[in-house]
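Take a look at the structure set out below.
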Amino acid sequence: MNLSSLQDLLVDQLKDLYSAENQLIKALPKMAKNAATPALKETIENHLQETREQADRLQRIAGILNCKVSGKKCKAMEGLIEEGKEVLDADGEEAILDAAMVAAAQRVEHYEIAAYGSARTMAELLGLQEIVSLLQESLNEEKAADEKLTHVVEHEIYPQANGSEMAANSEGQGARR
């Protein structure tokens, strides 16, 4: 890997993002399938469509820069997805498992927010306004996904999890998925 210019670094970051998005395209359907809370399932399914569009957007950016965005493996996303799989394999009360899934999903969103923000700033410094706009669009979607996850977990999942926990403590056991 040769990083002798800011544009080289931008292309490297775009490759990382493209790998991350494609890993998520494979992982999100499994998360949606395991979500017990309908609003969480819907949020994940909606973000899957956005993720596909973000991967397409990165391909468009590659066309503008006349480069390839494939060929790199985002190890950070690989690790975040592995952590998320631990949640999918866990046993426990549905609301608690959904809360754990949201925590894992928000780690992913925060990684993507940082990555898109950095890439957008590089493109801005390079005067690549069309690319700035495309990256900003993806950044806005990632921030919105994070906000939707926060809303779902705070208004639907945590109250269920807390109610289930109180009921389980009085009964001495909890439900298992």
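Scheme for the structure tokens: letters A, B, ... for chains in order shown; per-chain residue numbers from 1; ligand numbers from 1 in order shown.
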### Task
Excluding Leu128 of chain A and any residue of its chain fewer than 4 positions from it, enumerate the residues within 12 Å of it, using only C-alpha atoms, and give them as a PyMOL selection string.
chain A and resi 6-7+10+61+64-65+119-124+132-135
With N, CA and C atoms retained, could you export that selection as an mmCIF file, in the first residue's frame?
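Output below, filename selection-v4.cif:
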data_model
loop_
_atom_site.group_PDB
_atom_site.id
_atom_site.type_symbol
_atom_site.label_atom_id
_atom_site.label_comp_id
_atom_site.auth_asym_id
_atom_site.auth_seq_id
_atom_site.Cartn_x
_atom_site.Cartn_y
_atom_site.Cartn_z
ATOM 1 N N LEU A 6 -2.704 12.632 -0.001
ATOM 2 C CA LEU A 6 -4.011 12.620 0.652
ATOM 3 C C LEU A 6 -5.024 11.853 -0.204
ATOM 4 N N GLN A 7 -4.898 11.942 -1.521
ATOM 5 C CA GLN A 7 -5.812 11.190 -2.386
ATOM 6 C C GLN A 7 -5.567 9.686 -2.249
ATOM 7 N N LEU A 10 -7.353 8.773 0.846
ATOM 8 C CA LEU A 10 -8.794 8.770 0.613
ATOM 9 C C LEU A 10 -9.213 7.477 -0.076
ATOM 10 N N ILE A 61 -18.261 6.766 -6.526
ATOM 11 C CA ILE A 61 -17.094 7.570 -6.158
ATOM 12 C C ILE A 61 -15.841 6.995 -6.813
ATOM 13 N N ILE A 64 -15.656 8.154 -10.290
ATOM 14 C CA ILE A 64 -15.225 9.557 -10.378
ATOM 15 C C ILE A 64 -13.708 9.655 -10.224
ATOM 16 N N LEU A 65 -13.154 8.881 -9.293
ATOM 17 C CA LEU A 65 -11.713 8.914 -9.017
ATOM 18 C C LEU A 65 -10.919 8.005 -9.957
ATOM 19 N N ALA A 119 -13.345 10.418 5.630
ATOM 20 C CA ALA A 119 -13.246 10.397 4.165
ATOM 21 C C ALA A 119 -13.837 11.675 3.565
ATOM 22 N N ARG A 120 -14.951 12.107 4.104
ATOM 23 C CA ARG A 120 -15.581 13.331 3.602
ATOM 24 C C ARG A 120 -14.651 14.529 3.783
ATOM 25 N N THR A 121 -14.006 14.634 4.932
ATOM 26 C CA THR A 121 -13.091 15.747 5.190
ATOM 27 C C THR A 121 -11.901 15.709 4.235
ATOM 28 N N MET A 122 -11.371 14.513 3.965
ATOM 29 C CA MET A 122 -10.267 14.396 3.000
ATOM 30 C C MET A 122 -10.721 14.878 1.620
ATOM 31 N N ALA A 123 -11.892 14.429 1.197
ATOM 32 C CA ALA A 123 -12.420 14.833 -0.112
ATOM 33 C C ALA A 123 -12.615 16.346 -0.162
ATOM 34 N N GLU A 124 -13.064 16.908 0.942
ATOM 35 C CA GLU A 124 -13.265 18.354 1.027
ATOM 36 C C GLU A 124 -11.932 19.088 0.839
ATOM 37 N N VAL A 132 -17.581 14.789 -1.888
ATOM 38 C CA VAL A 132 -17.987 15.293 -0.566
ATOM 39 C C VAL A 132 -19.488 15.106 -0.390
ATOM 40 N N SER A 133 -20.259 15.491 -1.399
ATOM 41 C CA SER A 133 -21.725 15.376 -1.313
ATOM 42 C C SER A 133 -22.166 13.924 -1.170
ATOM 43 N N LEU A 134 -21.556 13.030 -1.924
ATOM 44 C CA LEU A 134 -21.924 11.610 -1.847
ATOM 45 C C LEU A 134 -21.566 11.013 -0.481
ATOM 46 N N LEU A 135 -20.391 11.350 0.027
ATOM 47 C CA LEU A 135 -19.982 10.855 1.341
ATOM 48 C C LEU A 135 -20.850 11.453 2.446
#
Might you pull out every residue within 10 Å of segment 155-160 of chain A, with only C-alpha atoms counted and same-chain residues fewer than 4 positions away left off, and present them as a PDB file with N, CA and C atoms, in the first residue's frame?
ATOM      1  N   ALA A  36     -36.415  -9.581  17.999  1.00  0.00           N
ATOM      2  CA  ALA A  36     -37.751  -9.907  18.505  1.00  0.00           C
ATOM      3  C   ALA A  36     -38.675  -8.699  18.466  1.00  0.00           C
ATOM      4  N   THR A  37     -38.125  -7.510  18.628  1.00  0.00           N
ATOM      5  CA  THR A  37     -38.912  -6.284  18.640  1.00  0.00           C
ATOM      6  C   THR A  37     -39.192  -5.853  17.197  1.00  0.00           C
ATOM      7  N   PRO A  38     -40.469  -5.740  16.818  1.00  0.00           N
ATOM      8  CA  PRO A  38     -40.793  -5.381  15.429  1.00  0.00           C
ATOM      9  C   PRO A  38     -40.124  -4.084  14.958  1.00  0.00           C
ATOM     10  N   ALA A  39     -40.057  -3.078  15.800  1.00  0.00           N
ATOM     11  CA  ALA A  39     -39.438  -1.809  15.399  1.00  0.00           C
ATOM     12  C   ALA A  39     -37.942  -1.983  15.145  1.00  0.00           C
ATOM     13  N   LEU A  40     -37.290  -2.856  15.883  1.00  0.00           N
ATOM     14  CA  LEU A  40     -35.869  -3.125  15.667  1.00  0.00           C
ATOM     15  C   LEU A  40     -35.679  -3.862  14.342  1.00  0.00           C
ATOM     16  N   GLU A  93     -33.425 -13.567  27.710  1.00  0.00           N
ATOM     17  CA  GLU A  93     -34.740 -12.958  27.532  1.00  0.00           C
ATOM     18  C   GLU A  93     -34.697 -12.096  26.265  1.00  0.00           C
ATOM     19  N   GLU A  94     -35.745 -12.148  25.465  1.00  0.00           N
ATOM     20  CA  GLU A  94     -35.761 -11.492  24.153  1.00  0.00           C
ATOM     21  C   GLU A  94     -35.422 -10.007  24.207  1.00  0.00           C
ATOM     22  N   ALA A  95     -35.997  -9.282  25.128  1.00  0.00           N
ATOM     23  CA  ALA A  95     -35.743  -7.841  25.194  1.00  0.00           C
ATOM     24  C   ALA A  95     -34.285  -7.560  25.552  1.00  0.00           C
ATOM     25  N   ILE A  96     -33.704  -8.370  26.416  1.00  0.00           N
ATOM     26  CA  ILE A  96     -32.295  -8.190  26.776  1.00  0.00           C
ATOM     27  C   ILE A  96     -31.412  -8.493  25.570  1.00  0.00           C
ATOM     28  N   LEU A  97     -31.740  -9.549  24.834  1.00  0.00           N
ATOM     29  CA  LEU A  97     -30.975  -9.894  23.632  1.00  0.00           C
ATOM     30  C   LEU A  97     -31.105  -8.799  22.568  1.00  0.00           C
ATOM     31  N   ASP A  98     -32.306  -8.230  22.426  1.00  0.00           N
ATOM     32  CA  ASP A  98     -32.483  -7.123  21.488  1.00  0.00           C
ATOM     33  C   ASP A  98     -31.667  -5.904  21.927  1.00  0.00           C
ATOM     34  N   ALA A  99     -31.625  -5.634  23.220  1.00  0.00           N
ATOM     35  CA  ALA A  99     -30.826  -4.513  23.729  1.00  0.00           C
ATOM     36  C   ALA A  99     -29.347  -4.747  23.426  1.00  0.00           C
ATOM     37  N   ALA A 100     -28.887  -5.975  23.581  1.00  0.00           N
ATOM     38  CA  ALA A 100     -27.493  -6.306  23.257  1.00  0.00           C
ATOM     39  C   ALA A 100     -27.240  -6.149  21.759  1.00  0.00           C
ATOM     40  N   VAL A 102     -28.762  -4.047  19.758  1.00  0.00           N
ATOM     41  CA  VAL A 102     -28.686  -2.610  19.478  1.00  0.00           C
ATOM     42  C   VAL A 102     -27.306  -2.079  19.872  1.00  0.00           C
ATOM     43  N   LEU A 149     -31.857   3.671  16.104  1.00  0.00           N
ATOM     44  CA  LEU A 149     -31.551   2.599  17.058  1.00  0.00           C
ATOM     45  C   LEU A 149     -31.698   3.101  18.493  1.00  0.00           C
ATOM     46  N   THR A 150     -31.214   4.301  18.751  1.00  0.00           N
ATOM     47  CA  THR A 150     -31.346   4.887  20.090  1.00  0.00           C
ATOM     48  C   THR A 150     -32.813   5.031  20.467  1.00  0.00           C
ATOM     49  N   HIS A 151     -33.614   5.524  19.543  1.00  0.00           N
ATOM     50  CA  HIS A 151     -35.045   5.704  19.817  1.00  0.00           C
ATOM     51  C   HIS A 151     -35.718   4.361  20.120  1.00  0.00           C
ATOM     52  N   SER A 164     -39.285  -7.055  32.154  1.00  0.00           N
ATOM     53  CA  SER A 164     -39.043  -8.498  32.169  1.00  0.00           C
ATOM     54  C   SER A 164     -38.090  -8.874  33.289  1.00  0.00           C
ATOM     55  N   GLU A 165     -37.095  -8.013  33.499  1.00  0.00           N
ATOM     56  CA  GLU A 165     -36.126  -8.285  34.545  1.00  0.00           C
ATOM     57  C   GLU A 165     -36.789  -8.233  35.918  1.00  0.00           C
ATOM     58  N   MET A 166     -37.675  -7.248  36.094  1.00  0.00           N
ATOM     59  CA  MET A 166     -38.379  -7.141  37.379  1.00  0.00           C
ATOM     60  C   MET A 166     -39.277  -8.356  37.580  1.00  0.00           C
TER      61      MET A 166
END
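Across the structure, atom CA of Glu45 of chain A and atom CA of Pro29 of chain A are spaced 7.2 Å apart.
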### Task
Can you pull out every residue within 7 Å of segment 78-86 of chain A, counting only C-alpha atoms, but drop anything in the same chain fewer than 6 positions away, and send it as a list in words?
Met101, Ala104 and Val108 of chain A
Go ahead and write the residues just picked, N, CA and C atoms, as a PDB file, in the first residue's frame.
ATOM      1  N   MET A 101     -28.233  -6.514  20.942  1.00  0.00           N
ATOM      2  CA  MET A 101     -28.097  -6.372  19.494  1.00  0.00           C
ATOM      3  C   MET A 101     -27.983  -4.895  19.108  1.00  0.00           C
ATOM      4  N   ALA A 104     -24.495  -3.664  19.879  1.00  0.00           N
ATOM      5  CA  ALA A 104     -23.557  -4.109  18.847  1.00  0.00           C
ATOM      6  C   ALA A 104     -23.747  -3.307  17.560  1.00  0.00           C
ATOM      7  N   VAL A 108     -21.162  -0.516  15.358  1.00  0.00           N
ATOM      8  CA  VAL A 108     -20.962  -0.501  13.907  1.00  0.00           C
ATOM      9  C   VAL A 108     -21.255   0.886  13.355  1.00  0.00           C
TER      10      VAL A 108
END
May I have the residues within 8 Å of Ser138 of chain A as a compact mmCIF listing (two decimals) with C-alpha atoms, in the first residue's frame, using only C-alpha atoms and disregarding those fewer than 4 positions away in the same chain?
# COMPACT_ATOMS: atom_id res chain seq x y z
CA GLN A 54 -24.02 3.23 0.30
CA TYR A 116 -17.38 8.49 6.49
CA LEU A 134 -21.92 11.61 -1.85
CA GLU A 142 -25.40 6.48 9.31
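Comparing the minimum interatomic distances between Leu14 of chain A and each of A:Ala35, A:Val152, A:Ala27, A:Cys67, counting only C-alpha atoms, we find that A:Cys67 sits nearest.
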